[in-house]
>>> print(open('final-v7.cif').read())   # mmCIF, C-alpha atoms
data_entry
#
loop_
_atom_site.group_PDB
_atom_site.id
_atom_site.type_symbol
_atom_site.label_atom_id
_atom_site.label_comp_id
_atom_site.auth_asym_id
_atom_site.auth_seq_id
_atom_site.Cartn_x
_atom_site.Cartn_y
_atom_site.Cartn_z
ATOM 1 C CA MET A 309 -198.777 -48.494 -32.708
ATOM 2 C CA HIS A 310 -196.485 -45.573 -32.033
ATOM 3 C CA GLY A 311 -194.126 -45.209 -29.079
ATOM 4 C CA SER A 312 -192.461 -42.053 -27.871
ATOM 5 C CA ASP A 313 -189.804 -41.434 -25.225
ATOM 6 C CA ILE A 314 -187.414 -38.699 -24.153
ATOM 7 C CA ASP A 315 -184.480 -40.731 -25.547
ATOM 8 C CA ASN A 316 -184.114 -43.706 -27.846
ATOM 9 C CA SER A 317 -181.641 -45.802 -25.837
ATOM 10 C CA ARG A 318 -184.303 -48.449 -25.091
ATOM 11 C CA VAL A 319 -185.801 -48.646 -28.565
ATOM 12 C CA PRO A 320 -185.172 -52.083 -30.072
ATOM 13 C CA SER A 321 -183.277 -52.276 -33.345
ATOM 14 C CA LYS A 322 -185.953 -54.525 -34.892
ATOM 15 C CA TYR A 323 -189.713 -54.250 -34.509
ATOM 16 C CA PRO A 324 -192.829 -55.110 -36.548
ATOM 17 C CA PRO A 325 -193.726 -52.916 -39.553
ATOM 18 C CA ASN A 326 -196.866 -51.608 -37.805
ATOM 19 C CA VAL A 327 -194.770 -50.139 -34.953
ATOM 20 C CA SER A 328 -192.920 -46.814 -34.994
ATOM 21 C CA PHE A 329 -191.001 -44.741 -32.455
ATOM 22 C CA SER A 330 -190.143 -41.098 -31.966
ATOM 23 C CA VAL A 331 -188.026 -39.153 -29.509
ATOM 24 C CA GLY A 332 -189.575 -36.248 -27.645
ATOM 25 C CA SER A 333 -190.947 -34.941 -24.388
ATOM 26 C CA VAL A 334 -194.462 -35.507 -23.090
ATOM 27 C CA LEU A 335 -194.372 -31.803 -22.204
ATOM 28 C CA ALA A 336 -194.176 -30.809 -25.891
ATOM 29 C CA LEU A 337 -195.792 -33.417 -28.133
ATOM 30 C CA PRO A 338 -195.792 -32.585 -31.861
ATOM 31 C CA GLU A 339 -198.581 -30.260 -33.005
ATOM 32 C CA GLY A 340 -199.304 -32.672 -35.865
ATOM 33 C CA TRP A 341 -200.450 -35.239 -33.316
ATOM 34 C CA SER A 342 -203.515 -33.254 -32.222
ATOM 35 C CA SER A 343 -206.582 -35.558 -32.180
ATOM 36 C CA ARG A 344 -204.525 -38.364 -33.742
ATOM 37 C CA PHE A 345 -204.777 -41.262 -31.278
ATOM 38 C CA ASP A 346 -207.725 -43.350 -30.066
ATOM 39 C CA PHE A 347 -205.768 -44.649 -27.088
ATOM 40 C CA VAL A 348 -202.791 -43.186 -25.211
ATOM 41 C CA HIS A 349 -200.922 -45.198 -22.594
ATOM 42 C CA GLN A 350 -198.471 -43.349 -20.351
ATOM 43 C CA ARG A 351 -196.248 -45.046 -17.805
ATOM 44 C CA LEU A 352 -193.083 -44.582 -15.778
ATOM 45 C CA LEU A 353 -193.380 -40.813 -15.401
ATOM 46 C CA THR A 354 -194.302 -40.742 -11.717
ATOM 47 C CA CYS A 355 -190.774 -39.806 -10.662
ATOM 48 C CA ALA A 356 -189.741 -38.176 -13.939
ATOM 49 C CA LEU A 357 -191.938 -35.078 -13.672
ATOM 50 C CA VAL A 358 -192.138 -32.490 -10.942
ATOM 51 C CA ARG A 359 -195.572 -31.525 -9.658
ATOM 52 C CA ALA A 360 -195.716 -28.353 -11.764
ATOM 53 C CA ASP A 361 -195.181 -30.343 -15.003
ATOM 54 C CA TRP A 362 -198.101 -32.725 -14.523
ATOM 55 C CA HIS A 363 -200.789 -30.247 -15.622
ATOM 56 C CA ARG A 364 -198.898 -29.584 -18.857
ATOM 57 C CA ALA A 365 -198.185 -33.287 -19.472
ATOM 58 C CA LEU A 366 -201.830 -34.271 -18.997
ATOM 59 C CA ALA A 367 -202.966 -31.427 -21.253
ATOM 60 C CA GLN A 368 -200.583 -32.649 -23.970
ATOM 61 C CA LEU A 369 -201.785 -36.255 -23.634
ATOM 62 C CA HIS A 370 -205.408 -35.125 -23.812
ATOM 63 C CA ARG A 371 -204.702 -32.944 -26.860
ATOM 64 C CA VAL A 372 -203.399 -35.859 -28.917
ATOM 65 C CA LEU A 373 -206.493 -37.976 -28.199
ATOM 66 C CA ARG A 374 -209.311 -38.120 -30.724
ATOM 67 C CA PRO A 375 -212.737 -37.184 -29.337
ATOM 68 C CA GLY A 376 -213.938 -40.157 -27.319
ATOM 69 C CA GLY A 377 -210.399 -41.534 -27.002
ATOM 70 C CA TRP A 378 -208.974 -43.130 -23.881
ATOM 71 C CA LEU A 379 -206.008 -42.123 -21.725
ATOM 72 C CA GLN A 380 -204.493 -44.822 -19.531
ATOM 73 C CA LEU A 381 -202.159 -43.772 -16.731
#
>>> encode(input="final-v7.cif", output="structure tokens")
Amino acid sequence: MHGSDIDNSRVPSKYPPNVSFSVGSVLALPEGWSSRFDFVHQRLLTCALVRADWHRALAQLHRVLRPGGWLQL
């Protein structure tokens, strides 16, 4: 499992070895993540993004999904 957020202030200091975290924006996910994930769960962005950013955010989330993957909002 991999988690990503705009800042790391809420990332715990200890977590299981099969968990990793990165810092970044949903508006610019790493290019190396293209078609990487079977399942993407996004939450708590309702008030964080302005209307114009949603198209870009959803495109980024879709890009990192493998074909047939699932996006949960």
>>> resolve_selection(input="final-v7.cif", expression="the PyMOL selection byres ((chain A and resi 336) around 10)", output="MDAnalysis selection string")
chainID A and resid 332:335 337:339 364:365 367:369
>>> resolve_selection(input="final-v7.cif", expression="the PyMOL selection byres ((chain A and resi 351) around 12)", output="MDAnalysis selection string")
chainID A and resid 311:313 334 348:350 352:357 369 379:381
>>> write_last_selection(input="final-v7.cif", atoms="C-alpha atoms", output="PDB file, in the coordinates of the input")
ATOM      1  CA  GLY A 311    -194.126 -45.209 -29.079  1.00  0.00           C
ATOM      2  CA  SER A 312    -192.461 -42.053 -27.871  1.00  0.00           C
ATOM      3  CA  ASP A 313    -189.804 -41.434 -25.225  1.00  0.00           C
ATOM      4  CA  VAL A 334    -194.462 -35.507 -23.090  1.00  0.00           C
ATOM      5  CA  VAL A 348    -202.791 -43.186 -25.211  1.00  0.00           C
ATOM      6  CA  HIS A 349    -200.922 -45.198 -22.594  1.00  0.00           C
ATOM      7  CA  GLN A 350    -198.471 -43.349 -20.351  1.00  0.00           C
ATOM      8  CA  LEU A 352    -193.083 -44.582 -15.778  1.00  0.00           C
ATOM      9  CA  LEU A 353    -193.380 -40.813 -15.401  1.00  0.00           C
ATOM     10  CA  THR A 354    -194.302 -40.742 -11.717  1.00  0.00           C
ATOM     11  CA  CYS A 355    -190.774 -39.806 -10.662  1.00  0.00           C
ATOM     12  CA  ALA A 356    -189.741 -38.176 -13.939  1.00  0.00           C
ATOM     13  CA  LEU A 357    -191.938 -35.078 -13.672  1.00  0.00           C
ATOM     14  CA  LEU A 369    -201.785 -36.255 -23.634  1.00  0.00           C
ATOM     15  CA  LEU A 379    -206.008 -42.123 -21.725  1.00  0.00           C
ATOM     16  CA  GLN A 380    -204.493 -44.822 -19.531  1.00  0.00           C
ATOM     17  CA  LEU A 381    -202.159 -43.772 -16.731  1.00  0.00           C
TER      18      LEU A 381
END
>>> atom_distance(input="final-v7.cif", atom1="CA of Val319 (chain A)", atom2="CA of Pro375 (chain A)")
29.3 Å
>>> atom_distance(input="final-v7.cif", atom1="CA of Ser317 (chain A)", atom2="CA of Phe345 (chain A)")
24.2 Å
>>> closest_residue(input="final-v7.cif", among="A:Val372, A:Ser330, A:Lys322, A:Gly377", to="Asp346 (chain A)", atoms="all atoms listed in the file")
A:Gly377
>>> atom_distance(input="final-v7.cif", atom1="CA of Val327 (chain A)", atom2="CA of His363 (chain A)")
28.4 Å
>>> axis_aligned_box(input="final-v7.cif", around="region 349-355 of chain A", padding_each_side="6 Å", output="AutoDock Vina command-line options")
--center_x -195.8 --center_y -42.5 --center_z -16.6 --size_x 22.1 --size_y 17.4 --size_z 23.9
>>> decode(input="final-v7.cif", residues="region 346-367 of chain A", atoms="N, CA and C atoms", output="mmCIF file, in the first residue's frame")
data_model
loop_
_atom_site.group_PDB
_atom_site.id
_atom_site.type_symbol
_atom_site.label_atom_id
_atom_site.label_comp_id
_atom_site.auth_asym_id
_atom_site.auth_seq_id
_atom_site.Cartn_x
_atom_site.Cartn_y
_atom_site.Cartn_z
ATOM 1 N N ASP A 346 -3.754 -0.841 -8.989
ATOM 2 C CA ASP A 346 -5.019 -1.535 -9.272
ATOM 3 C C ASP A 346 -6.197 -0.816 -8.624
ATOM 4 N N PHE A 347 -5.928 -0.110 -7.553
ATOM 5 C CA PHE A 347 -6.984 0.560 -6.795
ATOM 6 C C PHE A 347 -6.434 1.888 -6.272
ATOM 7 N N VAL A 348 -7.189 2.956 -6.482
ATOM 8 C CA VAL A 348 -6.824 4.277 -5.970
ATOM 9 C C VAL A 348 -7.995 4.794 -5.149
ATOM 10 N N HIS A 349 -7.706 5.175 -3.925
ATOM 11 C CA HIS A 349 -8.710 5.729 -3.016
ATOM 12 C C HIS A 349 -8.339 7.179 -2.739
ATOM 13 N N GLN A 350 -9.244 8.084 -3.018
ATOM 14 C CA GLN A 350 -9.002 9.513 -2.783
ATOM 15 C C GLN A 350 -10.063 10.006 -1.819
ATOM 16 N N ARG A 351 -9.623 10.758 -0.811
ATOM 17 C CA ARG A 351 -10.582 11.331 0.132
ATOM 18 C C ARG A 351 -10.090 12.677 0.639
ATOM 19 N N LEU A 352 -11.000 13.416 1.209
ATOM 20 C CA LEU A 352 -10.724 14.692 1.872
ATOM 21 C C LEU A 352 -10.216 15.787 0.934
ATOM 22 N N LEU A 353 -10.579 15.723 -0.325
ATOM 23 C CA LEU A 353 -10.196 16.797 -1.247
ATOM 24 C C LEU A 353 -11.372 17.682 -1.645
ATOM 25 N N THR A 354 -12.547 17.411 -1.145
ATOM 26 C CA THR A 354 -13.728 18.163 -1.540
ATOM 27 C C THR A 354 -13.525 19.666 -1.388
ATOM 28 N N CYS A 355 -12.971 20.084 -0.290
ATOM 29 C CA CYS A 355 -12.755 21.515 -0.038
ATOM 30 C C CYS A 355 -11.338 21.960 -0.378
ATOM 31 N N ALA A 356 -10.470 21.032 -0.728
ATOM 32 C CA ALA A 356 -9.074 21.380 -0.981
ATOM 33 C C ALA A 356 -8.825 21.854 -2.404
ATOM 34 N N LEU A 357 -9.692 21.470 -3.323
ATOM 35 C CA LEU A 357 -9.503 21.827 -4.738
ATOM 36 C C LEU A 357 -10.598 22.778 -5.196
ATOM 37 N N VAL A 358 -10.228 23.706 -6.032
ATOM 38 C CA VAL A 358 -11.235 24.564 -6.660
ATOM 39 C C VAL A 358 -11.815 23.816 -7.852
ATOM 40 N N ARG A 359 -12.942 24.243 -8.313
ATOM 41 C CA ARG A 359 -13.654 23.554 -9.398
ATOM 42 C C ARG A 359 -12.762 23.305 -10.613
ATOM 43 N N ALA A 360 -11.955 24.266 -10.979
ATOM 44 C CA ALA A 360 -11.105 24.129 -12.172
ATOM 45 C C ALA A 360 -10.044 23.036 -12.016
ATOM 46 N N ASP A 361 -9.654 22.697 -10.790
ATOM 47 C CA ASP A 361 -8.630 21.676 -10.562
ATOM 48 C C ASP A 361 -9.161 20.252 -10.618
ATOM 49 N N TRP A 362 -10.465 20.069 -10.482
ATOM 50 C CA TRP A 362 -11.004 18.713 -10.420
ATOM 51 C C TRP A 362 -10.762 17.913 -11.691
ATOM 52 N N HIS A 363 -10.904 18.512 -12.849
ATOM 53 C CA HIS A 363 -10.662 17.784 -14.107
ATOM 54 C C HIS A 363 -9.232 17.258 -14.133
ATOM 55 N N ARG A 364 -8.286 18.089 -13.774
ATOM 56 C CA ARG A 364 -6.872 17.687 -13.763
ATOM 57 C C ARG A 364 -6.615 16.599 -12.717
ATOM 58 N N ALA A 365 -7.182 16.757 -11.521
ATOM 59 C CA ALA A 365 -6.989 15.763 -10.463
ATOM 60 C C ALA A 365 -7.543 14.405 -10.883
ATOM 61 N N LEU A 366 -8.731 14.382 -11.437
ATOM 62 C CA LEU A 366 -9.327 13.108 -11.866
ATOM 63 C C LEU A 366 -8.537 12.491 -13.014
ATOM 64 N N ALA A 367 -8.031 13.305 -13.904
ATOM 65 C CA ALA A 367 -7.194 12.781 -14.998
ATOM 66 C C ALA A 367 -5.922 12.150 -14.443
#
